file model-v2.tsv (TSV, C-alpha atoms)
chain	number	residue	atom	x	y	z
A	24	MET	CA	100.68	82.62	130.92
A	25	GLU	CA	102.08	84.67	128.03
A	26	GLN	CA	105.18	85.58	130.07
A	27	ASP	CA	105.80	81.90	130.86
A	28	LEU	CA	105.52	80.97	127.19
A	29	ALA	CA	107.83	83.83	126.20
A	30	PHE	CA	110.37	82.51	128.73
A	31	LEU	CA	110.09	78.97	127.46
A	32	LEU	CA	110.48	79.94	123.80
A	33	PRO	CA	114.26	80.56	123.84
A	34	LEU	CA	114.74	77.48	126.06
A	35	PHE	CA	112.85	75.34	123.55
A	36	LEU	CA	114.76	76.80	120.63
A	37	GLY	CA	118.05	76.32	122.43
A	38	LEU	CA	117.45	72.58	122.36
A	39	LEU	CA	117.58	72.71	118.57
A	40	GLN	CA	121.01	71.81	117.21
A	41	GLN	CA	122.89	74.71	115.62
A	42	GLY	CA	119.98	76.98	116.71
A	43	CYS	CA	120.99	80.58	116.29
A	44	GLY	CA	122.98	81.82	113.34
A	45	GLY	CA	122.17	78.97	111.00
A	46	PRO	CA	122.13	79.31	107.19
A	47	LEU	CA	118.45	80.25	107.04
A	48	GLU	CA	117.57	83.06	104.61
A	49	VAL	CA	114.57	85.11	105.80
A	50	GLU	CA	112.92	88.00	103.96
A	51	PRO	CA	112.45	90.64	105.23
A	52	ARG	CA	115.72	90.38	107.14
A	53	GLU	CA	114.78	92.73	110.00
A	54	PRO	CA	114.14	91.11	113.40
A	55	VAL	CA	111.02	93.30	113.81
A	56	VAL	CA	108.61	93.67	110.88
A	57	ALA	CA	105.79	96.26	110.99
A	58	VAL	CA	102.44	95.89	109.21
A	59	ALA	CA	99.47	98.28	109.27
A	60	VAL	CA	96.08	97.27	110.62
A	61	GLY	CA	94.17	95.81	107.68
A	62	GLY	CA	97.37	95.39	105.68
A	63	SER	CA	99.20	92.31	104.43
A	64	LYS	CA	102.72	90.99	104.83
A	65	GLN	CA	104.68	87.97	103.60
A	66	LEU	CA	107.56	86.33	105.45
A	67	THR	CA	109.69	83.96	103.37
A	68	CYS	CA	112.16	81.48	104.85
A	69	ARG	CA	114.61	79.41	102.77
A	70	LEU	CA	117.21	76.76	103.51
A	71	ALA	CA	119.68	75.05	101.21
A	72	CYS	CA	121.28	71.76	102.30
A	73	ALA	CA	124.67	70.56	101.12
A	74	GLY	CA	124.68	67.29	99.23
A	75	PRO	CA	121.67	65.25	98.27
A	76	ARG	CA	119.80	65.86	101.52
A	77	ALA	CA	116.45	67.68	101.15
A	78	ALA	CA	115.80	70.68	103.37
A	79	SER	CA	112.73	70.86	105.59
A	80	VAL	CA	111.48	74.40	106.40
A	81	GLN	CA	108.43	75.37	108.44
A	82	TRP	CA	107.07	78.53	110.10
A	83	ARG	CA	105.90	78.15	113.68
A	84	GLY	CA	104.11	80.57	116.01
A	85	LEU	CA	103.72	80.89	119.75
A	86	ASP	CA	100.44	81.98	121.41
A	87	THR	CA	99.50	83.98	118.27
A	88	SER	CA	97.47	83.33	115.16
A	89	LEU	CA	100.06	81.98	112.79
A	90	GLY	CA	98.56	83.03	109.47
A	91	ALA	CA	98.53	81.17	106.16
A	92	VAL	CA	101.63	79.01	105.61
A	93	GLN	CA	102.71	77.43	102.35
A	94	SER	CA	105.75	75.17	102.58
A	95	GLY	CA	107.66	73.40	99.85
A	96	ALA	CA	111.09	71.93	99.22
A	97	GLY	CA	113.57	74.20	100.96
A	98	SER	CA	111.21	77.14	101.56
A	99	SER	CA	108.19	78.26	103.57
A	100	VAL	CA	106.04	81.39	103.06
A	101	LEU	CA	103.98	82.88	105.90
A	102	SER	CA	101.23	85.27	104.70
A	103	VAL	CA	99.32	87.60	107.00
A	104	HIS	CA	96.20	89.14	105.41
A	105	ASN	CA	93.93	91.87	106.80
A	106	ALA	CA	96.14	92.17	109.86
A	107	SER	CA	94.57	92.88	113.22
A	108	LEU	CA	96.25	93.64	116.54
A	109	SER	CA	95.88	89.98	117.50
A	110	ALA	CA	98.22	89.04	114.64
A	111	ALA	CA	101.17	90.69	116.44
A	112	GLY	CA	103.66	88.38	118.07
A	113	THR	CA	106.64	86.11	117.50
A	114	ARG	CA	107.10	83.91	114.44
A	115	VAL	CA	109.85	81.30	114.21
A	116	CYS	CA	111.19	79.67	111.07
A	117	VAL	CA	112.63	76.21	111.77
A	118	GLY	CA	114.66	74.37	109.13
A	119	SER	CA	116.57	71.12	109.14
A	120	CYS	CA	119.13	69.33	107.03
A	121	GLY	CA	119.28	65.72	108.17
A	122	ASN	CA	120.03	65.81	111.89
A	123	LEU	CA	121.05	69.51	111.84
A	124	THR	CA	118.36	72.02	112.84
A	125	PHE	CA	118.33	75.82	112.45
A	126	GLN	CA	115.95	78.57	113.54
A	127	HIS	CA	115.26	82.28	112.93
A	128	THR	CA	112.93	84.48	114.99
A	129	VAL	CA	110.85	87.40	113.66
A	130	ARG	CA	108.59	89.67	115.72
A	131	LEU	CA	105.52	90.95	113.86
A	132	LEU	CA	104.39	94.43	114.98
A	133	VAL	CA	100.91	95.67	113.97
A	134	TYR	CA	100.29	99.42	113.99
A	135	ALA	CA	97.47	101.86	113.19
A	136	PHE	CA	98.30	105.34	111.89
A	137	PRO	CA	95.47	106.93	109.86
A	138	ASN	CA	95.59	110.56	108.78
A	139	GLN	CA	93.10	111.73	111.42
A	140	LEU	CA	94.48	114.89	113.01
A	141	THR	CA	92.33	117.56	114.68
A	142	VAL	CA	93.38	120.87	116.21
A	143	SER	CA	91.65	123.20	118.67
A	144	PRO	CA	91.20	126.03	117.97
A	145	VAL	CA	91.04	125.48	114.21
A	146	ALA	CA	92.75	128.84	113.58
A	147	LEU	CA	95.08	131.16	115.49
A	148	VAL	CA	95.07	134.94	115.80
A	149	ALA	CA	98.34	136.82	115.50
A	150	GLY	CA	99.53	139.12	118.24
A	151	ARG	CA	98.31	137.22	121.31
A	152	ASP	CA	99.37	134.30	123.52
A	153	GLN	CA	97.03	131.33	123.17
A	154	GLU	CA	96.71	127.62	123.88
A	155	LEU	CA	96.62	125.00	121.14
A	156	ALA	CA	95.70	121.31	121.30
A	157	CYS	CA	96.51	118.75	118.59
A	158	THR	CA	95.00	115.25	118.66
A	159	ALA	CA	95.87	112.13	116.69
A	160	HIS	CA	92.96	109.67	116.52
A	161	ASN	CA	92.72	105.87	116.17
A	162	ILE	CA	96.41	105.10	116.55
A	163	THR	CA	98.53	102.37	118.10
A	164	PRO	CA	101.11	102.09	119.58
A	165	ALA	CA	100.60	105.29	121.55
A	166	ASN	CA	103.67	105.36	123.78
A	167	PRO	CA	106.00	108.42	123.49
A	168	ASP	CA	108.82	106.25	122.10
A	169	ALA	CA	106.70	105.42	119.05
A	170	LEU	CA	104.47	108.49	118.65
A	171	SER	CA	105.34	112.19	118.90
A	172	LEU	CA	103.49	115.43	118.11
A	173	SER	CA	105.15	118.74	117.26
A	174	LEU	CA	104.39	122.24	116.00
A	175	LEU	CA	106.12	123.33	112.80
A	176	LEU	CA	106.77	126.69	111.21
A	177	GLY	CA	107.65	125.80	107.65
A	178	ASP	CA	109.74	122.65	107.97
A	179	GLN	CA	111.24	123.48	111.37
A	180	GLU	CA	109.99	123.17	114.93
A	181	LEU	CA	108.44	126.34	116.32
A	182	GLU	CA	110.54	127.75	119.16
A	183	GLY	CA	109.30	129.58	122.24
A	184	VAL	CA	106.47	127.06	122.74
A	185	GLN	CA	105.64	125.86	126.25
A	186	ALA	CA	104.45	122.24	126.50
A	187	LEU	CA	101.36	121.92	128.73
A	188	GLY	CA	101.04	118.14	128.78
A	189	ARG	CA	100.12	114.98	126.90
A	190	ASP	CA	97.01	112.80	127.23
A	191	GLU	CA	96.53	109.23	126.01
A	192	GLU	CA	92.96	107.89	125.97
A	193	GLU	CA	91.19	104.88	124.54
A	194	GLU	CA	88.88	105.43	121.57
A	195	GLU	CA	85.35	104.07	121.72
A	196	PRO	CA	85.72	100.73	119.90
A	197	GLN	CA	83.07	99.57	117.46
A	198	GLU	CA	81.87	95.99	117.61
A	199	GLY	CA	84.52	93.65	116.25
A	200	GLU	CA	87.17	96.39	115.94
A	201	ASP	CA	90.54	96.62	117.66
A	202	LEU	CA	91.12	98.90	120.64
A	203	LEU	CA	92.86	102.05	119.45
A	204	PHE	CA	93.97	105.28	121.13
A	205	ARG	CA	93.88	109.04	120.73
A	206	VAL	CA	96.82	111.14	121.83
A	207	THR	CA	96.53	114.86	122.57
A	208	GLU	CA	99.42	117.29	122.99
A	209	ARG	CA	98.83	120.82	124.34
A	210	TRP	CA	101.04	123.90	124.02
A	211	LEU	CA	101.05	127.55	125.06
A	212	LEU	CA	102.06	129.57	122.01
A	213	PRO	CA	103.86	132.92	121.92
A	214	SER	CA	102.38	135.89	120.06
A	215	LEU	CA	104.03	134.69	116.78
A	216	GLY	CA	105.75	138.02	116.11
A	217	THR	CA	105.30	140.60	113.37
A	218	PRO	CA	104.62	139.88	110.60
A	219	ALA	CA	102.88	136.71	111.68
A	220	PRO	CA	103.44	133.50	109.69
A	221	PRO	CA	100.48	132.63	107.43
A	222	THR	CA	100.26	129.01	108.60
A	223	LEU	CA	101.57	126.67	111.28
A	224	HIS	CA	101.39	122.87	111.09
A	225	CYS	CA	100.74	120.21	113.69
A	226	GLN	CA	102.77	117.12	112.77
A	227	VAL	CA	102.36	113.65	114.21
A	228	THR	CA	105.19	111.17	113.64
A	229	MET	CA	105.26	107.43	114.24
A	230	ARG	CA	108.67	105.76	114.50
A	231	LEU	CA	108.86	101.99	114.40
A	232	PRO	CA	111.79	99.68	113.62
A	233	GLY	CA	112.62	100.28	109.96
A	234	LEU	CA	109.66	102.62	109.47
A	235	GLU	CA	108.90	106.34	109.98
A	236	LEU	CA	105.54	107.88	109.05
A	237	SER	CA	104.11	111.37	109.55
A	238	HIS	CA	100.96	113.41	108.92
A	239	ARG	CA	100.43	117.18	108.99
A	240	GLN	CA	97.44	119.39	109.77
A	241	PRO	CA	97.63	123.07	108.70
A	242	ILE	CA	96.63	125.73	111.23
A	243	PRO	CA	95.90	129.10	109.57
A	244	VAL	CA	97.00	132.25	111.38
A	245	LEU	CA	94.36	134.98	111.08
A	246	TYR	CA	95.76	138.39	110.26
A	247	SER	CA	93.95	141.59	111.37
A	248	LEU	CA	94.29	144.55	109.03
A	249	PRO	CA	95.88	147.62	110.65
A	250	SER	CA	93.92	150.83	111.30
A	251	LEU	CA	93.33	153.03	108.28
A	252	GLU	CA	96.06	155.61	108.99
A	253	PRO	CA	97.39	157.54	106.00
A	254	PRO	CA	100.46	155.61	104.84
A	255	ILE	CA	103.67	157.29	103.78
A	256	PRO	CA	103.68	157.38	99.95
A	257	THR	CA	106.40	155.20	98.48
A	258	SER	CA	107.19	154.18	94.95
A	259	PRO	CA	106.85	150.51	93.90
A	260	GLU	CA	110.62	150.42	93.30
A	261	ALA	CA	111.32	151.57	96.86
A	262	THR	CA	108.87	149.02	98.29
A	263	LEU	CA	110.49	146.13	96.38
A	264	GLU	CA	113.98	147.32	97.36
A	265	GLN	CA	112.98	147.46	101.04
A	266	GLU	CA	111.50	143.92	100.88
A	267	ALA	CA	114.65	142.58	99.22
A	268	THR	CA	116.81	144.20	101.94
A	269	LEU	CA	114.70	142.71	104.74
A	270	GLU	CA	114.81	139.24	103.17
A	271	GLN	CA	118.60	139.46	102.70
A	272	ASP	CA	119.08	140.52	106.33
A	273	SER	CA	116.94	137.65	107.61
A	274	THR	CA	118.85	135.18	105.40
A	275	ASN	CA	122.28	136.37	106.55
A	276	SER	CA	121.38	136.51	110.24
A	277	PRO	CA	122.62	133.58	112.37
A	278	GLY	CA	119.11	132.83	113.57
A	279	SER	CA	115.63	134.31	113.68
A	280	PRO	CA	112.97	134.10	116.44
A	281	GLY	CA	110.84	131.00	116.27
A	282	LEU	CA	113.10	129.14	113.81
A	283	ARG	CA	115.98	126.74	114.15
A	284	PRO	CA	118.77	127.17	111.60
A	285	GLU	CA	119.03	124.48	108.97
A	286	ASN	CA	120.85	123.83	105.74
A	287	SER	CA	118.99	125.72	103.03
A	288	SER	CA	120.15	123.27	100.39
A	289	THR	CA	118.02	120.52	101.96
A	290	LYS	CA	114.90	122.64	102.52
A	291	PRO	CA	111.94	121.61	100.36
A	292	CYS	CA	110.61	124.23	97.98
A	293	HIS	CA	107.34	125.81	99.10
A	294	PRO	CA	105.80	129.19	98.23
A	295	GLU	CA	105.36	131.79	100.97
A	296	ILE	CA	103.04	134.80	101.29
A	297	HIS	CA	104.27	138.08	102.78
A	298	GLN	CA	102.14	141.14	103.54
A	299	SER	CA	103.09	144.80	103.80
A	300	PRO	CA	101.17	148.11	103.98
A	301	ALA	CA	100.78	149.98	100.71
A	302	PRO	CA	99.19	153.30	99.76
A	303	GLY	CA	95.44	152.85	100.02
A	304	GLY	CA	95.51	149.25	101.19
A	305	LEU	CA	97.72	146.20	101.53
A	306	GLU	CA	100.17	144.46	99.21
A	307	LEU	CA	100.60	140.66	99.22
A	308	LEU	CA	103.72	139.04	97.80
A	309	CYS	CA	103.89	135.32	96.99
A	310	GLU	CA	107.39	134.04	96.33
A	311	ALA	CA	109.31	130.77	96.14
A	312	ALA	CA	113.10	130.59	96.42
A	313	CYS	CA	113.38	127.48	94.27
A	314	GLY	CA	115.89	128.38	91.61
A	315	PRO	CA	115.28	128.97	87.89
A	316	GLY	CA	112.35	127.58	85.94
A	317	MET	CA	109.75	128.05	88.72
A	318	ALA	CA	106.72	130.35	88.70
A	319	VAL	CA	103.98	131.28	91.15
A	320	HIS	CA	100.41	132.38	90.39
A	321	TRP	CA	97.54	133.70	92.51
A	322	THR	CA	94.68	131.18	92.42
A	323	ARG	CA	92.23	132.34	95.09
A	324	ALA	CA	90.97	135.57	96.68
A	325	PRO	CA	87.77	136.67	98.46
A	326	GLY	CA	85.09	137.43	95.91
A	327	ASP	CA	86.37	137.45	92.34
A	328	LEU	CA	90.11	137.03	91.76
A	329	ALA	CA	89.83	139.08	88.55
A	330	ALA	CA	88.78	142.12	90.60
A	331	TYR	CA	92.25	142.41	92.17
A	332	LYS	CA	95.26	144.06	90.59
A	333	ARG	CA	97.95	141.39	90.07
A	334	TRP	CA	101.34	141.19	88.43
A	335	GLU	CA	103.84	138.32	88.19
A	336	ASP	CA	107.56	137.94	87.63
A	337	GLY	CA	108.65	134.28	87.58
A	338	ALA	CA	108.85	133.00	91.16
A	339	ARG	CA	107.29	136.22	92.56
A	340	ALA	CA	103.70	137.39	92.25
A	341	TRP	CA	102.04	140.45	93.77
A	342	LEU	CA	98.41	141.15	94.59
A	343	SER	CA	97.02	144.54	95.65
A	344	VAL	CA	94.24	144.71	98.28
A	345	LEU	CA	92.48	148.10	98.29
A	346	TRP	CA	90.55	149.47	101.27
A	347	THR	CA	87.28	150.45	99.59
A	348	GLY	CA	84.01	150.04	101.49
A	349	CYS	CA	84.21	146.75	103.40
A	350	ASN	CA	87.74	145.42	103.65
A	351	PRO	CA	88.02	141.95	102.03
A	352	GLU	CA	87.84	139.01	104.42
A	353	GLY	CA	88.75	135.43	103.51
A	354	TRP	CA	91.43	133.22	101.98
A	355	PHE	CA	94.16	134.29	99.58
A	356	GLN	CA	96.08	131.43	97.93
A	357	CYS	CA	98.98	131.14	95.50
A	358	ARG	CA	100.36	128.09	93.68
A	359	LEU	CA	103.84	126.99	92.62
A	360	GLU	CA	104.38	125.59	89.11
A	361	PRO	CA	105.67	123.02	88.45
A	362	GLY	CA	105.06	121.10	91.65
A	363	GLY	CA	101.60	122.29	92.67
A	364	GLN	CA	102.56	123.36	96.23
A	365	THR	CA	100.31	126.08	97.63
A	366	ALA	CA	100.45	128.77	100.31
A	367	SER	CA	97.38	130.33	101.95
A	368	LEU	CA	96.68	133.46	104.00
A	369	TYR	CA	93.47	134.43	105.78
A	370	LEU	CA	92.72	138.15	106.18
A	371	LEU	CA	90.40	139.24	108.98
A	372	PRO	CA	89.56	142.98	108.88
A	373	GLU	CA	89.06	145.00	112.04
A	374	ILE	CA	87.02	147.78	110.39
A	375	CYS	CA	84.21	147.04	107.99
A	376	SER	CA	81.70	149.81	107.35
A	377	PRO	CA	78.85	148.87	104.96
A	378	PRO	CA	78.58	151.11	101.90
A	379	VAL	CA	75.95	153.84	102.04
A	380	SER	CA	73.46	153.59	99.18
A	381	GLU	CA	72.76	156.57	96.92
A	382	ALA	CA	69.04	156.56	97.74
A	383	LEU	CA	69.75	156.75	101.48
A	384	TRP	CA	72.17	159.62	100.91
A	385	ILE	CA	69.63	161.61	98.85
A	386	GLY	CA	66.86	160.91	101.36
A	387	SER	CA	69.01	162.20	104.21
A	388	LEU	CA	69.83	165.36	102.22
A	389	VAL	CA	66.14	166.09	101.49
A	390	LEU	CA	65.22	165.52	105.15
A	391	GLY	CA	67.94	167.91	106.20
A	392	LEU	CA	66.70	170.60	103.80
A	393	LEU	CA	63.11	170.23	105.05
A	394	LEU	CA	64.26	170.53	108.65
A	395	LEU	CA	66.29	173.63	107.81
A	396	THR	CA	63.30	175.21	106.02
A	397	PHE	CA	61.03	174.52	109.01
A	398	LEU	CA	63.49	176.07	111.48
A	399	THR	CA	63.95	179.12	109.24
A	400	TYR	CA	60.18	179.65	109.02
A	401	ARG	CA	59.75	179.37	112.80
A	402	LEU	CA	62.55	181.82	113.42
A	403	TRP	CA	61.03	184.28	110.90
A	404	LYS	CA	57.60	184.10	112.59
A	405	ARG	CA	59.09	184.83	116.02
A	406	CYS	CA	60.97	187.82	114.72
A	407	GLN	CA	57.84	189.47	113.19
A	408	PRO	CA	56.56	192.57	115.15
A	409	THR	CA	53.28	192.08	117.06
A	410	ARG	CA	50.39	194.03	115.59

call {"tool": "encode", "arguments": {"input": "model-v2.tsv", "output": "structure tokens"}}
result
Amino acid sequence: MEQDLAFLLPLFLGLLQQGCGGPLEVEPREPVVAVAVGGSKQLTCRLACAGPRAASVQWRGLDTSLGAVQSGAGSSVLSVHNASLSAAGTRVCVGSCGNLTFQHTVRLLVYAFPNQLTVSPVALVAGRDQELACTAHNITPANPDALSLSLLLGDQELEGVQALGRDEEEEEPQEGEDLLFRVTERWLLPSLGTPAPPTLHCQVTMRLPGLELSHRQPIPVLYSLPSLEPPIPTSPEATLEQEATLEQDSTNSPGSPGLRPENSSTKPCHPEIHQSPAPGGLELLCEAACGPGMAVHWTRAPGDLAAYKRWEDGARAWLSVLWTGCNPEGWFQCRLEPGGQTASLYLLPEICSPPVSEALWIGSLVLGLLLLTFLTYRLWKRCQPTR
């Protein structure tokens, strides 16, 4: 029935004199207008007639709920409030000046795109191949032409990823709610290299006529501390010089694994956290290549932030992690000012030996002395001559 009506619509409109291309002014001007579920939209149609003749303008709909229409001299306003999926469809503005009739067609598209992204697993571990699934919930339309999911490293797509498939399923609708979908994309990830990036992002993007929307979900990459081998002593100046050389080499190289080259002038400014071994522990560097006037600060660390040795120099800030007792486990975070952008890193230690209390140490020493005294006495008794 709907296909028959859609076929008859242009035939009916073709009977109108001066149908297509008449002097109707419609706002918005796009032939397809998108509105979110629960949102509102106004379509305004105007017509001016030459001479004393009064213009007649009216919105008309076909097999759809038309919405609220207010018409006056030379104009008609169609208002759609609290839009549902049933409000989607074709709207036609018809205007006339005397015996001349004009028409303009607009297709109303209703979409749902809430920020409801989930990932599984919720975190990745560096140094191993693993599968990752990202799901966008309660969305429509769900077709690949309108909705896409991707994995990002920074602001670029992660390379070396193998796509494992895409699933589109219906959500369980509540009573009186529209039927929406969930879309899941699965990938097989590479080992992410060394050093591993602190965070990946799953991004879902919806592209509709005249509209592009996107949401991101961060995926932390867990970093395992290396074994406690004695590091080669280096001065702080040598460490900073080596880091600057590595960063310059990576900047001047034509491309790096996992990244696609892009124009650095258009890259948004975000802080990044780098990690490197240091004498007696680990050194974290937060930096932002954003030009003058920017500064970064450490804002979060496992336990008490004041317990860590920190020093800052404009857009670079260092934090020293010492290996004493249990290695720290948890989130480290730095913040860019002005702007408020943050970067996070999760440290997961491989070796964590609980500290031995002083009382336990003394007790063990006393027990050892008693055992030694007992063995000495027994040996002395056996060595005594028999009377």

call {"tool": "residues_around", "arguments": {"input": "model-v2.tsv", "residues": "A:Leu308", "least_positions_apart": "6", "cutoff": "6 Å", "atoms": "all atoms listed in the file", "output": "list of chain:residue names"}}
result
A:Ile296, A:His297, A:Ala340, A:Trp341

call {"tool": "residues_around", "arguments": {"input": "model-v2.tsv", "residues": "A:Thr222", "least_positions_apart": "2", "cutoff": "8 Å", "atoms": "all atoms listed in the file", "output": "list in words"}}
result
Leu176, Pro220, His224, Pro241, Ile242, Pro243, Val244, Ser367 and Leu368 of chain A

call {"tool": "closest_residue", "arguments": {"input": "model-v2.tsv", "among": "A:Pro213, A:Pro164, A:Gly84, A:Pro325", "to": "A:Glu193", "atoms": "only C-alpha atoms"}}
result
A:Pro164

call {"tool": "atom_distance", "arguments": {"input": "model-v2.tsv", "atom1": "atom CA of A:Arg239", "atom2": "atom CA of A:Leu175"}}
result
9.2 Å

call {"tool": "residues_near_point", "arguments": {"input": "model-v2.tsv", "point": "(102.2, 138.6, 109.0)", "cutoff": "9 Å", "atoms": "all atoms listed in the file", "output": "list in words"}}
result
Ala149, Leu215, Gly216, Thr217, Pro218, Ala219, Pro220, Pro221, Val244, Leu245, Tyr246, Ile296, His297, Gln298 and Ser299 of chain A

call {"tool": "atom_distance", "arguments": {"input": "model-v2.tsv", "atom1": "atom CA of A:Pro54", "atom2": "atom CA of A:Val129"}}
result
5.0 Å

call {"tool": "atom_distance", "arguments": {"input": "model-v2.tsv", "atom1": "atom CA of A:Pro51", "atom2": "atom CA of A:Gln126"}}
result
15.1 Å

call {"tool": "closest_residue", "arguments": {"input": "model-v2.tsv", "among": "A:Leu223, A:Pro315, A:Ile162, A:Glu208", "to": "A:Glu180", "atoms": "all atoms listed in the file"}}
result
A:Leu223

call {"tool": "residues_around", "arguments": {"input": "model-v2.tsv", "residues": "A:Val56", "least_positions_apart": "6", "cutoff": "7 Å", "atoms": "all atoms listed in the file", "output": "MDAnalysis selection string"}}
result
chainID A and resid 130:132

call {"tool": "closest_residue", "arguments": {"input": "model-v2.tsv", "among": "A:Gln185, A:Ser343, A:Thr67, A:Ser102", "to": "A:Phe355", "atoms": "all atoms listed in the file"}}
result
A:Ser343

call {"tool": "residues_around", "arguments": {"input": "model-v2.tsv", "residues": "A:Arg339", "least_positions_apart": "3", "cutoff": "9 Å", "atoms": "only C-alpha atoms", "output": "ChimeraX atom specification"}}
result
/A:308-312,318-320,334-336

call {"tool": "closest_residue", "arguments": {"input": "model-v2.tsv", "among": "A:Tyr400, A:Trp82, A:Trp354, A:Tyr369", "to": "A:Thr113", "atoms": "all atoms listed in the file"}}
result
A:Trp82
